[in-house]
Each structure stands twice: as structure tokens, then as C-alpha cells.
Amino acid sequence: MNKYLVNLTINDIPVSVPEGTTILDAAKNLDFRIPTLCHHEDLCVAGNCRVCVVEQIGGKALTAACATPVSEGMQIHTNSALVRTARKTIIELLLSEHNSDCTKCYKNGNCELQSLAHEYRVGDHVFIDLVGTRKRVIDNLSPSIIKDDSKCIRCQRCVRTCSELQGVSALAVANKGDHMKISTFFDRPLVEVVCTNCGQCVNRCPVGALVEKTYVEEVWDAINNPNVHVVVQTAPAVRVAIGEELGYDAGERLTGKMVTALKRLGFDSVLDTDFTADLTILEEGTELLTRLKRALVDKDTTVALPMTTSCSPGWIKFIEHTFPEFLPNVSTCKSPQQMFGALAKTYYAQKKGLKAQDICVVSIMPCTAKKYEANRPEMRSSGYKDVNYVLTTRELGMMIKQAGINFQNLEDSHYDSIMGESTGAAVIFGATGGVMEAALRTVYEVVTGREVPFTNLNIVPVRGMEGVKEAKVKIEGCLPEWSFLEGIEVSCAVAHSLVNARDVMQAVKDGRAHYHFIEVMACPGGCLGGGGQPIPTNNEIRNKRAAAIYEEDAGLPLRKSHENPEVKMIYEEFLGAPNSHKSHALLHTHYIPRKRY
Amino acid sequence: MSKYKMNILVCGGTGCKSSASDLLAAALRTELAERGLSGEVQVVVTGCFGFCEQGPVVNVLPDNTFYIKVKPEDAVTIVSEHIIKGRKVQNLLYTDPATQTKVDGSGAIDFNKKQLRIALRNCGFIDPEKIEEAIARDGYAALARVLTESSPEEVIGIIKKSGLRGRGGGGFSTGLKWEITSTVEADQKYVVCNADEGDPGAFMDRSILEGDPHTVIEAMAINGYCTGADKGLVYIRAEYPLAIERLKTAINQAREYGLLGKDILGSGFNFDIELRYGAGAFVCGEETALIHSMEGNRGEPTFKPPFPSEEGYLGKPTNVNNVETYANIPPIILKGADWFSSIGTEKSKGTKVFALAGKVNNVGLVEVPMGTTLREVIFEIGGGIKDGKKFKSVQTGGPSGGCLTEKHLDIPIDYDNLIASGSMMGSGGMIVMDEDDCMVSVAKYYLDFTVEESCGKCSPCRIGNKRLHEILDEITKGNGKPDDLDRLRNLSEVIKDTSLCGLGQSSPNPVLSTLEHFHDEYMAHVVDFKCPAGQCRDLMIYTIDAANCVGCTACARVCPVGAIAGERKEVHSIDQTICIKCGACLEKCKFNAVLVS
């Protein structure tokens, strides 16, 4: 449908915008910002906070700019006396039930309600403040997420995130009127319900009602303990996002500065999750080829195909709850974070002459689900908790600020060795489609002896922000040992956001789709849009971070996981071969069917 | 009905039924059978007569004798005296409160004199469980005429020309609504009957469904024919079991008669109706919330546009009208638009049913032409104020309406006049208050309802109404300040201007209208800390009049908190710091020595 232009005036300035544009966006075109709280561009329009009300001349009442499409001849005022009074009153109303203990709040300084209150200079509460008498319910039982209802402004961003983006609906609205609240199944703690710990709600909560559980103090304690050797690993998506916490625009690649900063924070060894990402490709690629061989050569009908990736702990928890019958299809590989933890307390310890119990492994992740993952009882293959503490990108930003490091002036430096070396294939793990691309680069070459047939190794069909992407790679000219794959077209699917993952799995379940390999990342855009990434995260920012990730890959000398020299070395010195007995003991895991609520 | 010589109509509406009218009907039948009169006299259980205050009511035809407050044991007398001997049972006749004389004909009762029954035309006349009786009174004649003689456009033209406006409260042109739905292109459309009557005290929709369900079915089918919908849904609250039962019976009968289903009356038009049950949330009367609830989602309103006429139930064009609106359709088709538009005022045509309640002699359901004055309804139909008290105010439009005063009594009732006077038509609630009613408490009472029934989605309604309620509560407890009145007014305006749906946009009306019309009463509360109506217990002061006190100690002995001191035969006194204002002393004192101020 062709959209025609609609003419209107905003604050007496004429503007023409396509039909269907909201007043909010039309005002943006004229550089008028209208404040919002419930609005988020990733989500459907809710129109429930009402702080975006504007005055329409001739209209019957104030109208919500986020929810109202423009119409011909409209005259809008975004800052009239009526608007200002109403907006200020609404902010006061929100504050009247908000636990405004700002100085003690985790979100102090990064709270949208606080900013609005400041902007409008809301003074003493005009309304009777009942905050003190309201029963405060804090759910802090999850290792990932803290939910504090006393701060909730009931904008429902989290509810829409959980249902629209993730298809999980762990959070929903309960009760009505003044008793309306954001609740879980029978008000159980998040750790006991279908919550995948993805943290997308945390990333969108405008206030401090949903925040990550922080372990910054524990990490400082470890750093300051002379008897503990503290190893830090950084996930691929952190390096392209940490800048946003420290005054950079989105999409800056800051790997070198970040490594320097981590060293200055006092970590004994600064290593890279990318190393285990490369290792994952070898383990997971081998697993895929083994499954294909069993299916095609041994005609083993019990082989679970398609195989899905297992890097995303949000996805793992999701499939455990939602499609438990497909758990055999999930790769048994641990995520790169957990492979790292297990190796740090075995291989690394051995090489460095350290005892596992003296090593503290800290992860810097774009993710809140990684905090839950590190706590899973399966993740103790070194005999100890493999990963001790998981911090988000935001928490790393916090530590750098606490340490008073002038980040922008730092020199670049390299990761330490061992377990600090990586390839471009590992870096792109941070973007949706990245694991698939890295796997194809390696698997194709293993099978045919030739590079994957895409210009500059860039497998473009699996890149980008399309919810579900599909790619087919025909295998021709196999090496003799892989001849059973000759002529086979490997069919792959890539899904990000759990709502898309659900669609793909449902299609597989219904027999509507036939794939060999499926990559799933729980978060929109993959890890670069993770729940632990800087706030705000939106489509524009995700695209910038993705561009930075692919730039990083393109600029690296090694871009295929099997070429990582440290990966080669660990197989020679320690693991033997991919999917070896030792690999299975340390790098693979199993999953647990869970209930659907 | 002609084969019987006499008919005894027994009201089977929910009100009379709960006063054992079903037992009464059974007793009458037994008595008639015992006397061998079953073939000559028929007992008909009808829908609501409207005169609920005096229920159970009985009307004997053909002589039109109206009996009130009839008990099952009166059956013997009615049969032996009236039916056999032709003598009216004097003690069951209605007594005119003004003249104190017995009135025997139902038409002679003031309550009925000024009424004009269009929507309620069959209620109290037919057995709602027999389709033949509906058909005998022109039921389905309008549908037959429409299907055989008119195009949808012609019918919409008639409805538009009649000037019928939505009776659910909004007052939107019914014909126009139908026209919009009919012009939207879609593969499926729906017709919905809003039977989610939620105003406290309003029961006209229930009465229509209980007394004349076929008219609603017929009108929905006509609506389906006009808009191009083949499916009708009735959204009815589960608290209306009798209405649901009768509607189900009626739908089944209509199907048996070929008046619902495929190829109705050989016209090729298909239409059928299903029921959807609501849980009684007030906000589900709002059409978008109603549709969400029907879809199985949370009953929350969403922003319009899109209007249900464009995108409604399951995303398809949906025409939503309320029960009373539908009940007007068949007579308009049969008698013509000109007949209908000759009744009423310039912009409000036809009649309106009101649920008259409160401090009025004749509580019940009344249908009057638009343009009837409040004075006529309250003092003529309603028989004036109970116990000879003074009229103070009338609240129209349910909890979202406003309180009108003596000076509004001669305003002709219609949509626009009520809005101009600061109230609204709503669904037709009309609650009369006398001099003993405190208007601050009345406003608080209504806010109590809206706070409870707000869905909680948008902040002005959810929090704002709560804050209004708290301010009113403090005022009634003697903690008010004069500037509270400004706060009430300003906050009310913001809630009206910024709320998402009609509930919030009208919820402060009781506050605003009482502030305007009863300012002095508010001032008395916040300046003198007195409640002129003597309703606010916390503002009352109990003292002992030394001139009358004989020192009998009765009051001191009855005081539950020991606030009264005094020796025998000496004047007693009340300690104000202890007194809980329970009034026990006042009741006990035989010497009028306890004073209340």
C-alpha cells in the first residue's frame, strides 16, 4: 500500500509525514522530544503511562502521542500549559506510589522516571504518599534477576517484552485497579517459573523494578584477596557495547582498551571467551558431523536431527520448559562461558601450576541468563563451580567507573595467554547467525578441504536482523572420508528472540520445516542485544553493534575457528580430539525437562 | 393467548424471583388446577414489570389488576376472590403515596402513567421462554420484512434516520456505526451484543434479556444482515444466570424456527449467535476491553483507532451495540424512522430506560421519552422522596456520572443536556439522594467503585482515582484542608483529560459535580470540620445537655469505651478524646440529653 503524506503542525511548525506515523515520531522529525515511559520501539504501543500526552487543538482531551497516528490538518502542541500541568501531575502520581529511595537504588542515574522527575523539577510529593505503607515484595531468589514491586510503575514494558519478543510470558499482569501488578504464575519467584533469565525485561524496565543481581562486590573481594588467582573472560558482544557505558556512541570497537582496563582493575589474567567459542565450533561441528554420519551411513533412526546450538542459556531454559521432547536435539556442548570455566580450572590451572580451588573465574557477559547458567549444578566438571561470578557489560562499566579509570585515554593491549587467542569466527558469535556462520566456515572446510563458497568467507544469508533466516549450503567435492555427504544440501535455520525460536521449533515439530542445523539465540539480534547489555538497547543500536562485530571479524588475520593456534594446541596437549572422552567430561553437558509454567 | 379467559402475569425477573415469585406462580397453578380452572386461566411467568420496589408483582388480565408484594400464600385468595368471585383483593393493591387510596389498574398507577415502553414493550407481558408469545407480539416480523423487502443500505438508512443513539452510554449514532462496519471489506465480520451491564444499580439490560430475549436476537440478526456478519456474540456477565438461561432457550427456539442458522426464512442469509461470559469487570463494558475479554485476553481497553468497526474481535470488523439499543431496532423497522424520531428531543430520539433507585418511593425500571424532565421521573413516576424528606441530588450515568441538583430538575433529559449539566446519560442509572446524604461521602463512594473497577492499565486512572479517594477519605475524617478542594479539582481534570478509556475519562465526574454544586458542603467539612448531613461519623461531636441530663447513668453504662463520666443524679459529660462516636449514648438516653453536632 502506498503511503501518502499527511500534513500537520507541531508547535505551529508544519511537517509532512507518511500516513500512519505517530505524533511521537512526527515530533521527532522536528527535533521535539516528547517524554515517554511505557513506550519502547521494540514493543507494541501500550499507551498506558500517559506522560506523552499532547494537546490537539479542537480535540476532546489530551491524546497520547505514542499511540495516536497523525491526521491531516492536525494541530499539536507538545508543551502547552495544559500539557505541562497534566504531564507533571502524571509524574507526581507515578512518584506517589513509587519507592523513590533513589540514592540507594541500583538504577540511580539510569532511571527514566528519575530523569523525568528531575526534568520537571517535581518537588515534595503533592499527593499522600503511601509508599511507606505498601507491602514491599522483593524477589531476589533468582541468581540473575531481582524484581522489586515497590519500584514498579506498571508500564508493562516487561510484560510486553516477555510475551511479544520472547513468547515466554513469565511476567504478566494480575489483578485490577490499584491492586494491578506485574506477576508470575501464582506469584511464584522468578526462579521457579518459566522465566528464561534472558534479562530483556531488565534491559527495558524504565525504573529499578527489574534489575540484574549484581556480583560486583564479590568480584572486588576476589581481586583483593591475594590468595586467589582471578581469571576474567570476556564474551564477544561485550567489546562492541562496553563503550556505551563509558560515554561512547553505539558501535565502537573497544577490545584493546577493554583488555587494558580489565588489567588495571586487577584481574590476574585477562582471557577471552572467544577462545572457547572457537573450541565450541570444533566440538559442535564434530557433533553435527557425527550425527549426520549416524543418520546417513549407519541409518540410525534414533539420531536427533535437526541439531540445535546450545550457546544461549536463555534458549536452553526455554526449550527445557517449552519443547522438552526436543532436548536430545540440543547440542551437548556447553556454552563457551562454561567450557572456559571448566578449562580454566583444569587445563589452565595445570599449565600455570595453580590449584583449581585457588582460581576464581569471572565472566563479563552481555547476558543475565549466564548468571543462572553458572549456577546450574551441571556446571561443576572441574570439581568446583567452574565459573564463579558472572557480570554483565553494565556491571563491568560500573567497575571501571568505580576504579576511576579514564577509559577513553587507555592504550590498547592484548589478551593474556593461554586461552586468550581467538579468530574472527569466534567474534561473530556475538551476532545472530554468527555461530552458524562460524560453524559453516569450519565444517565445510573439514568436509571438502576447501573454503566455504562465499565471498570473503562472509555467509551473508545468515546475517542481519530478520527474525528467522534460512540458508542452504550444497556440499560438493567431499574428501573421501566424508563421501556420504556428497551432494547433500545442508539446510540451516537461524532464529533470534525466543518468539522466533518457538516458531521454528513448532514448524519442526509439526513437520512443516526440515533442517539439519538450527542456531538459536534467546535475545533479539543475538548476544549483542543481550539482557546484560547497556540500556537502552534498540534496533538502531543493535545494528551498530552488529556492524562493529563484523568489522572486527573482517579485520582479523584468522577467521576460521580450526585455525586458532591455541585451539590446536589444547587438542594436542590436553583434550586429544574433538568429542574425545576428556572433551565430553569437561565440555559437554545434559539438559533437564522442566514444567511449562 | 386468546383461548384463555384470564391470564395471571407473574413477574419472573430476578428481583421478584428472589422474593419467591416462582413459588407464587406454582401456587397459583396448583390452586387453579384444584379448582378445575387450568383450562380457563393461564399463569404466565413474564420478564420484569419494572416496579421492583413493590415486588413480587402480579397483573391479572384482561381487567388489568395490579397486585403488589404478593406472597405464595396469597395464591389461594387471588384465585378464590378475584378469579372466581370477581372481587379484587384489596390488601394486595397498590396504595398511592400521595392520596393514600388503593389503585387497582396498572395504568392508573403514577409509576406507569408517564412511561412509554419501546425497549421494554414486551417485558412483563409475555412469557420469555415461549417464542410463540414473542411472535404473537410482532417478534421477528422486522427481521422478516428486512430480509424480504429491504437492502442492507435501506435498513441502515432507516436506523440512521430514526436518530437512534447507543444506549450503553456513549450515545454514538447507531446507524452510523452500522454503516461504518458494513463498508469495511473483510472475509468475516462479527456482531456483538454488549450485555456486560456494570453500573451499580442498573439492570435494564438484564431485564430485557430476561423479559424479551427474542427482540435482542432479532435485532442482532438484522444487524448482521446490514453489516455483512454471519456470526453474533453476546458478551454477558456470568452473574446474570437467569438472563443467560432465557437467552439460551430463546436462541435454541429461534434455531428450531429457522430464525437463526442457515438460510433464514429462505433468504439465503445465514446468522447464528453464541454466548461469551464475562466475569463482571466494569471496564469490560468498554468495547475494546470487552473484545479483548471475549478473545480470552485480559479485559483491558486499548487505544482507538482502530475502532472495533474496523478491527475488532479476532482483528475482524465488529459491530458492538448494547442490549437496550438492540431492543429498539425491531420497533423502528416496523413503525418507521419517522415514528421513532417523533419521540424525544432534537438530538436524542426515542425513549430511555432508567433504573430509578435511592431515596425515592417507587424504585424500579422506568422507560420514558427523551426530553422527560428529572422532576417528572423522580416526583411523578418515582412518587417523590421517601419518608417526606427533602430532595437533595440525583446522580445519573452510573459511577461515572455527575450529581445534579434541584436547579437541574426541569431540564429535559437527553444525552447533550446531561453532559452540559456536568453529568451523563451512561447506561441509565438514576440514584436519588435526600437531605441525609453527605455529598462528600457520595463522591467517595463512587470513587471507591472506580478505584476497584479500574483495570489498572493507565496511570492517571489507576493512581489518580486512588489519590482522589484518599483525599476525600481524609476530608470525611476531618483531616481535610481548604486547598484539598483545589487538589481534587486539578487532579480530576488531569484524570479526565489523560486517561486511556471512557472509565478514567469520566471517573472524576462525581467529584467535579459535587464540588461544583455542593461547594458549601465541602467547605463545611474542611473549614468547620462539620458534616451538614450528619453522615461523616468522625466529624460528629456528642455532648451532654446539662439542662436535660438527670444523671441516670444509663449513657455511662452503655458507652463501650468508658468515655462518659458522672455521679448519680449529677450532670454527665463525654470525654471527646475517648469518644468513638458510636451513638450508643444517644440511643440510650431517654431525656434527649445527648446532643450531636
# chains A, B, ... in the order shown; residues from 1 in each chain; ligands from 1
$ residues_around --residues "Phe354 of chain B" --least-positions-apart "4" --cutoff "12 Å" --atoms "only C-alpha atoms" --output "MDAnalysis selection string"
chainID B and resid 50:51 115:117 119:120 167:169 199 201:205 207 324 363:370 372 374 377:378 381:382 395:398 413:414 425:432
$ write_last_selection --atoms "C-alpha atoms" --output "compact mmCIF listing (two decimals), in the first residue's frame"
# COMPACT_ATOMS: atom_id res chain seq x y z
CA GLY B 50 -40.19 -2.64 36.25
CA PHE B 51 -41.96 -1.93 39.54
CA GLN B 115 -43.84 5.78 30.81
CA LEU B 116 -43.57 4.92 27.15
CA ARG B 117 -42.32 1.42 26.68
CA ALA B 119 -37.40 -1.25 24.59
CA LEU B 120 -39.38 -2.80 27.44
CA ARG B 167 -27.89 3.28 24.85
CA GLY B 168 -24.79 1.92 26.55
CA GLY B 169 -23.57 5.36 27.48
CA ASP B 199 -23.22 0.24 36.57
CA GLY B 201 -27.95 -0.43 40.39
CA ALA B 202 -28.58 -0.56 36.64
CA PHE B 203 -30.48 -3.60 35.45
CA MET B 204 -32.34 -2.61 32.30
CA ASP B 205 -30.26 -4.86 30.05
CA SER B 207 -34.46 -7.14 32.43
CA GLU B 324 -31.18 -1.72 25.06
CA VAL B 363 -37.76 2.16 42.97
CA GLY B 364 -37.72 0.32 39.67
CA LEU B 365 -37.18 0.31 35.97
CA VAL B 366 -38.80 3.11 34.01
CA GLU B 367 -38.81 3.89 30.33
CA VAL B 368 -39.63 7.45 29.37
CA PRO B 369 -39.41 9.51 26.21
CA MET B 370 -36.22 11.50 25.86
CA THR B 372 -38.91 13.97 30.08
CA LEU B 374 -35.86 14.70 36.00
CA VAL B 377 -39.19 10.91 36.67
CA ILE B 378 -38.41 11.43 40.33
CA ILE B 381 -43.09 8.24 38.28
CA GLY B 382 -40.88 7.80 41.29
CA GLN B 395 -26.89 11.06 40.29
CA THR B 396 -27.23 9.92 36.70
CA GLY B 397 -24.98 7.92 34.46
CA GLY B 398 -23.68 5.39 36.94
CA ILE B 413 -33.30 14.53 29.92
CA ASP B 414 -31.22 13.79 26.86
CA MET B 425 -26.68 9.51 30.32
CA GLY B 426 -24.48 6.49 30.87
CA SER B 427 -26.44 3.32 30.76
CA GLY B 428 -29.29 4.88 32.68
CA GLY B 429 -28.60 4.61 36.36
CA MET B 430 -30.50 7.21 38.37
CA ILE B 431 -29.90 7.42 42.08
CA VAL B 432 -31.87 9.88 44.15
$ interface_residues --of "chain B" --to "chain A" --cutoff "9 Å" --atoms "only C-alpha atoms" --output "JSON, numbers by chain"
{"B": [298, 302, 303, 304, 305, 450, 451, 452, 453, 454, 455, 456, 457, 458, 459, 460, 461, 462, 463, 464, 465, 466, 467, 470, 471, 487, 490, 491, 493, 494, 495, 496, 497, 498, 499, 500, 505]}
$ write_last_selection --atoms "C-alpha atoms" --output "CSV table (one decimal), in the first residue's frame"
chain,number,residue,atom,x,y,z
B,298,ARG,CA,-7.1,-9.6,29.9
B,302,THR,CA,-6.8,-0.3,24.0
B,303,PHE,CA,-6.4,2.9,22.2
B,304,LYS,CA,-8.9,3.8,19.4
B,305,PRO,CA,-8.4,4.0,16.5
B,450,THR,CA,-13.9,3.2,40.2
B,451,VAL,CA,-10.7,2.6,42.2
B,452,GLU,CA,-11.8,-1.0,42.4
B,453,GLU,CA,-13.0,-1.4,38.9
B,454,SER,CA,-10.3,0.5,37.0
B,455,CYS,CA,-8.4,-2.1,35.1
B,456,GLY,CA,-5.1,-0.5,36.3
B,457,LYS,CA,-3.6,-0.2,32.9
B,458,CYS,CA,-3.2,3.6,32.6
B,459,SER,CA,-1.6,5.6,35.3
B,460,PRO,CA,-4.0,8.6,35.7
B,461,CYS,CA,-6.9,6.3,36.2
B,462,ARG,CA,-5.1,3.7,38.3
B,463,ILE,CA,-3.2,6.1,40.6
B,464,GLY,CA,-5.2,9.3,40.2
B,465,ASN,CA,-8.5,7.9,41.3
B,466,LYS,CA,-6.8,6.2,44.3
B,467,ARG,CA,-5.3,9.6,45.3
B,470,GLU,CA,-7.6,9.2,49.7
B,471,ILE,CA,-8.1,13.0,49.7
B,487,ARG,CA,-6.1,19.5,44.6
B,490,ASN,CA,-7.0,19.8,39.4
B,491,LEU,CA,-6.3,16.2,39.7
B,493,GLU,CA,-9.2,17.5,35.4
B,494,VAL,CA,-6.0,15.7,34.6
B,495,ILE,CA,-7.5,12.3,35.1
B,496,LYS,CA,-10.4,13.3,32.7
B,497,ASP,CA,-8.0,14.7,30.1
B,498,THR,CA,-5.4,12.0,30.1
B,499,SER,CA,-7.0,8.6,30.8
B,500,LEU,CA,-6.9,6.0,28.2
B,505,GLN,CA,-12.2,10.0,31.4
$ residues_around --residues "segment 217-228 of chain A" --least-positions-apart "6" --cutoff "7 Å" --atoms "only C-alpha atoms" --output "CSV table (one decimal) with C-alpha atoms, in the first residue's frame"
chain,number,residue,atom,x,y,z
A,266,GLY,CA,43.5,-6.0,39.0
A,267,PHE,CA,42.5,-9.3,37.3
A,358,ASP,CA,42.6,-21.1,44.2
A,359,ILE,CA,41.3,-19.9,40.9
A,360,CYS,CA,38.3,-17.6,40.7
$ select_by_dssp --residues "segment 265-307 of chain A" --states "strand (DSSP E)" --output "list in words"
Ser269, Val270, Leu271, Asp272 and Met307 of chain A
$ write_last_selection --atoms "N, CA and C atoms" --output "PDB file, in the first residue's frame"
ATOM      1  N   SER A 269      44.586 -12.435  35.238  1.00  0.00           N
ATOM      2  CA  SER A 269      44.751 -12.863  33.869  1.00  0.00           C
ATOM      3  C   SER A 269      43.501 -12.465  33.090  1.00  0.00           C
ATOM      4  N   VAL A 270      43.723 -11.789  31.955  1.00  0.00           N
ATOM      5  CA  VAL A 270      42.580 -11.324  31.165  1.00  0.00           C
ATOM      6  C   VAL A 270      42.501 -12.184  29.915  1.00  0.00           C
ATOM      7  N   LEU A 271      41.480 -13.022  29.869  1.00  0.00           N
ATOM      8  CA  LEU A 271      41.375 -14.013  28.799  1.00  0.00           C
ATOM      9  C   LEU A 271      40.070 -13.832  28.042  1.00  0.00           C
ATOM     10  N   ASP A 272      39.907 -14.678  27.010  1.00  0.00           N
ATOM     11  CA  ASP A 272      38.821 -14.392  26.077  1.00  0.00           C
ATOM     12  C   ASP A 272      37.884 -15.586  25.914  1.00  0.00           C
ATOM     13  N   MET A 307      19.928 -30.700  14.681  1.00  0.00           N
ATOM     14  CA  MET A 307      20.649 -30.366  15.895  1.00  0.00           C
ATOM     15  C   MET A 307      20.540 -28.855  16.104  1.00  0.00           C
TER      16      MET A 307
END
$ select_by_dssp --residues "segment 324-522 of chain A" --states "alpha helix (DSSP H)" --output "VMD selection string"
chain A and resid 336 to 343 349 to 352 369 to 375 393 to 402 424 to 427 434 to 448 498 to 509
$ atom_distance --atom1 "atom CA of Gly422 of chain B" --atom2 "atom CA of Ile159 of chain B"
28.7 Å
$ atom_distance --atom1 "atom CA of Asp212 of chain B" --atom2 "atom CA of Asn122 of chain B"
6.0 Å
$ atom_distance --atom1 "atom CA of Ser183 of chain A" --atom2 "atom CA of Leu171 of chain A"
5.6 Å
